[in-house]
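The file query_11.pdb comes next; it holds PDB, C-alpha atoms.
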ATOM      1  CA  MET N   6       0.000   0.000   0.000
ATOM      2  CA  GLN N   7       1.290   3.468  -0.876
ATOM      3  CA  GLU N   8       2.265   5.540   2.125
ATOM      4  CA  LYS N   9       0.462   8.877   2.474
ATOM      5  CA  TYR N  10       2.317  11.983   3.546
ATOM      6  CA  VAL N  11       1.084  15.174   5.102
ATOM      7  CA  LEU N  12       2.461  17.567   2.536
ATOM      8  CA  HIS N  13       4.077  20.637   4.043
ATOM      9  CA  GLY N  14       6.068  22.727   1.619
ATOM     10  CA  LYS N  15       6.242  22.008  -2.073
ATOM     11  CA  LEU N  16       8.426  20.320  -4.635
ATOM     12  CA  VAL N  17      10.610  22.941  -6.313
ATOM     13  CA  ARG N  18      13.129  22.959  -9.134
ATOM     14  CA  ASP N  19      16.674  21.906  -8.226
ATOM     15  CA  ARG N  20      18.212  25.376  -8.392
ATOM     16  CA  ILE N  21      15.565  27.145  -6.289
ATOM     17  CA  PRO N  22      17.553  26.787  -3.021
ATOM     18  CA  GLN N  23      20.568  28.431  -4.718
ATOM     19  CA  ILE N  24      18.377  31.254  -5.987
ATOM     20  CA  ILE N  25      16.939  31.801  -2.492
ATOM     21  CA  ARG N  26      20.461  31.869  -1.016
ATOM     22  CA  ALA N  27      21.554  34.381  -3.667
ATOM     23  CA  ASP N  28      18.679  36.589  -2.490
ATOM     24  CA  GLY N  29      20.100  36.490   1.051
ATOM     25  CA  ALA N  30      17.806  33.941   2.717
ATOM     26  CA  GLU N  31      18.505  30.399   3.892
ATOM     27  CA  PRO N  32      15.959  27.876   2.563
ATOM     28  CA  GLU N  33      14.781  24.938   4.655
ATOM     29  CA  VAL N  34      14.825  21.943   2.313
ATOM     30  CA  TYR N  35      15.171  18.175   2.278
ATOM     31  CA  ALA N  36      15.213  15.443  -0.363
ATOM     32  CA  ALA N  37      11.983  13.458  -0.518
ATOM     33  CA  ASP N  38      12.122   9.678  -0.427
ATOM     34  CA  PRO N  39      10.870   7.889  -3.576
ATOM     35  CA  ALA N  40       7.258   7.451  -2.399
ATOM     36  CA  GLU N  41       6.924  11.059  -1.245
ATOM     37  CA  TYR N  42       8.619  12.264  -4.447
ATOM     38  CA  ARG N  43       6.064  10.420  -6.599
ATOM     39  CA  GLN N  44       3.193  11.889  -4.595
ATOM     40  CA  ARG N  45       4.665  15.387  -4.782
ATOM     41  CA  LEU N  46       5.170  15.071  -8.551
ATOM     42  CA  ARG N  47       1.487  14.280  -8.917
ATOM     43  CA  VAL N  48       0.597  17.342  -6.841
ATOM     44  CA  LYS N  49       3.027  19.400  -8.970
ATOM     45  CA  LEU N  50       1.327  18.161 -12.146
ATOM     46  CA  VAL N  51      -2.034  19.476 -10.915
ATOM     47  CA  GLU N  52      -0.373  22.774  -9.896
ATOM     48  CA  GLU N  53       1.302  23.239 -13.281
ATOM     49  CA  VAL N  54      -1.854  22.340 -15.216
ATOM     50  CA  SER N  55      -3.791  24.872 -13.107
ATOM     51  CA  GLU N  56      -1.202  27.534 -13.936
ATOM     52  CA  TYR N  57      -1.545  26.670 -17.625
ATOM     53  CA  MET N  58      -5.344  26.890 -17.418
ATOM     54  CA  GLU N  59      -5.136  30.361 -15.851
ATOM     55  CA  ALA N  60      -2.451  31.687 -18.221
ATOM     56  CA  ASP N  61      -3.134  34.066 -21.073
ATOM     57  CA  GLU N  62      -1.904  33.280 -24.578
ATOM     58  CA  THR N  63       1.408  35.012 -23.887
ATOM     59  CA  ASP N  64       2.260  32.966 -20.778
ATOM     60  CA  ALA N  65       0.568  29.704 -21.805
ATOM     61  CA  PRO N  66       3.507  28.273 -23.807
ATOM     62  CA  GLU N  67       5.870  28.614 -20.821
ATOM     63  CA  GLU N  68       3.336  27.010 -18.477
ATOM     64  CA  LEU N  69       2.766  24.187 -20.953
ATOM     65  CA  ALA N  70       6.528  23.612 -21.112
ATOM     66  CA  ASP N  71       6.522  23.223 -17.315
ATOM     67  CA  VAL N  72       3.826  20.551 -17.589
ATOM     68  CA  LEU N  73       5.637  18.661 -20.326
ATOM     69  CA  ASP N  74       9.337  19.036 -19.709
ATOM     70  CA  GLU N  75       9.564  19.211 -15.990
ATOM     71  CA  VAL N  76       6.606  17.370 -14.552
ATOM     72  CA  ALA N  77       5.548  14.800 -17.162
ATOM     73  CA  PHE N  78       9.128  13.758 -17.890
ATOM     74  CA  ALA N  79       9.943  13.580 -14.162
ATOM     75  CA  LEU N  80       6.865  11.421 -13.550
ATOM     76  CA  ALA N  81       7.875   9.177 -16.442
ATOM     77  CA  ALA N  82      11.441   8.903 -15.122
ATOM     78  CA  ASP N  83      10.064   7.957 -11.710
ATOM     79  CA  LEU N  84       8.261   5.093 -13.460
ATOM     80  CA  GLY N  85      11.464   4.071 -15.223
ATOM     81  CA  VAL N  86      10.441   5.529 -18.588
ATOM     82  CA  ASP N  87      12.889   7.853 -20.341
ATOM     83  CA  PRO N  88      11.762  10.656 -22.713
ATOM     84  CA  THR N  89      12.462   8.523 -25.792
ATOM     85  CA  GLN N  90      10.301   5.683 -24.480
ATOM     86  CA  LEU N  91       7.574   8.132 -23.510
ATOM     87  CA  GLU N  92       7.576   9.555 -27.037
ATOM     88  CA  LYS N  93       7.311   6.034 -28.501
ATOM     89  CA  ILE N  94       4.306   5.332 -26.262
ATOM     90  CA  ARG N  95       2.722   8.641 -27.298
ATOM     91  CA  ALA N  96       3.365   8.004 -31.000
ATOM     92  CA  ALA N  97       1.963   4.458 -30.828
ATOM     93  CA  LYS N  98      -1.191   5.726 -29.122
ATOM     94  CA  ALA N  99      -1.566   8.485 -31.735
ATOM     95  CA  GLU N 100      -1.115   5.916 -34.502
ATOM     96  CA  GLN N 101      -3.730   3.625 -32.994
ATOM     97  CA  ARG N 102      -6.310   6.160 -31.785
ATOM     98  CA  GLY N 103      -5.363   9.412 -33.510
ATOM     99  CA  GLY N 104      -4.429  12.764 -32.012
ATOM    100  CA  PHE N 105      -6.475  15.873 -31.363
ATOM    101  CA  ALA N 106      -5.725  17.856 -34.544
ATOM    102  CA  GLU N 107      -9.269  17.462 -35.925
ATOM    103  CA  ARG N 108     -10.828  18.925 -32.734
ATOM    104  CA  ILE N 109     -13.524  16.218 -32.565
ATOM    105  CA  VAL N 110     -15.917  16.468 -29.606
ATOM    106  CA  TRP N 111     -17.868  13.313 -28.678
ATOM    107  CA  THR N 112     -21.334  13.919 -27.217
ATOM    108  CA  GLY N 113     -22.510  10.318 -26.894
ATOM    109  CA  ASN N 114     -23.928   7.542 -29.069
ATOM    110  CA  ARG N 115     -27.284   7.167 -30.863
TER
END

Could you render the structure as structure tokens?
Amino acid sequence: MQEKYVLHGKLVRDRIPQIIRADGAEPEVYAADPAEYRQRLRVKLVEEVSEYMEADETDAPEELADVLDEVAFALAADLGVDPTQLEKIRAAKAEQRGGFAERIVWTGNR
């Protein structure tokens, strides 16, 4: 059974502690164990998607990059899947089921 953590603080990018120190403060940080890391990545995914949803067209590409590059790839790596494998999985699914380029909306069956 997956262990649940009370989540205080948040998962941040690796260089954030250095940036905080450069601004004259001393960050309180620790490295999460693998189970906590996986849980925090999932929380981070929701956070980044929310930021994308609230972004205007100017900021949206940067927020989308956060979802893809940082969070989705980190989640995949945590599952033992590298970016190349993830792309193969994505491409196979697109080949089998299609993508979203045609903007089709399903409203049910008759």

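Among the candidates N:Val86, N:Ala99, N:Ala106, N:Val72, the residue lying nearest to Leu46 (chain N) is N:Val72 (atoms considered: all atoms listed in the file).
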
If we count only C-alpha atoms and set the cut-off at 10 Å, which residues sit around Val48 (chain N), ignoring sequence neighbours fewer than 6 positions away in its own chain? Please answer as a JSON list (two decimals) with C-alpha atoms, in the frame of the given file.
[["chain", "number", "residue", "atom", "x", "y", "z"],
["N", 12, "LEU", "CA", 2.46, 17.57, 2.54],
["N", 15, "LYS", "CA", 6.24, 22.01, -2.07],
["N", 16, "LEU", "CA", 8.43, 20.32, -4.64],
["N", 42, "TYR", "CA", 8.62, 12.26, -4.45],
["N", 76, "VAL", "CA", 6.61, 17.37, -14.55]]

Take CA of Tyr35 (chain N) and CA of Asp74 (chain N) and report the distance between them in Å, one decimal. 22.8 Å

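From CA of Glu52 (chain N) back to CA of Pro22 (chain N), the distance works out to 19.6 Å.
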
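What separates CA of Glu56 (chain N) from CA of Asp71 (chain N) is a distance of 9.5 Å.
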
Once the PyMOL selection byres ((chain N and resi 79) around 12) has been evaluated on this model, what residues remain selected, and can you format them as a short mmCIF file (atom, residue, chain, number, x, y, z; two decimals) with C-alpha atoms, keeping the file's coordinate frame?
data_model
loop_
_atom_site.label_atom_id
_atom_site.label_comp_id
_atom_site.auth_asym_id
_atom_site.auth_seq_id
_atom_site.Cartn_x
_atom_site.Cartn_y
_atom_site.Cartn_z
CA LEU N 16 8.43 20.32 -4.64
CA ARG N 18 13.13 22.96 -9.13
CA TYR N 42 8.62 12.26 -4.45
CA ARG N 43 6.06 10.42 -6.60
CA GLN N 44 3.19 11.89 -4.60
CA ARG N 45 4.66 15.39 -4.78
CA LEU N 46 5.17 15.07 -8.55
CA ARG N 47 1.49 14.28 -8.92
CA LYS N 49 3.03 19.40 -8.97
CA LEU N 50 1.33 18.16 -12.15
CA ASP N 71 6.52 23.22 -17.32
CA VAL N 72 3.83 20.55 -17.59
CA LEU N 73 5.64 18.66 -20.33
CA ASP N 74 9.34 19.04 -19.71
CA GLU N 75 9.56 19.21 -15.99
CA VAL N 76 6.61 17.37 -14.55
CA ALA N 77 5.55 14.80 -17.16
CA PHE N 78 9.13 13.76 -17.89
CA LEU N 80 6.86 11.42 -13.55
CA ALA N 81 7.88 9.18 -16.44
CA ALA N 82 11.44 8.90 -15.12
CA ASP N 83 10.06 7.96 -11.71
CA LEU N 84 8.26 5.09 -13.46
CA GLY N 85 11.46 4.07 -15.22
CA VAL N 86 10.44 5.53 -18.59
CA ASP N 87 12.89 7.85 -20.34
CA PRO N 88 11.76 10.66 -22.71
CA LEU N 91 7.57 8.13 -23.51
#

Mind working out the centre and edge lengths of an axis-aligned box for region 64-82 of chain N, all listed atoms inside, 3 Å added to each side, rounded to one decimal in Å and written as lines of an AutoDock Vina configuration file?
center_x = 6.0
center_y = 20.9
center_z = -18.7
size_x = 16.9
size_y = 30.1
size_z = 16.3
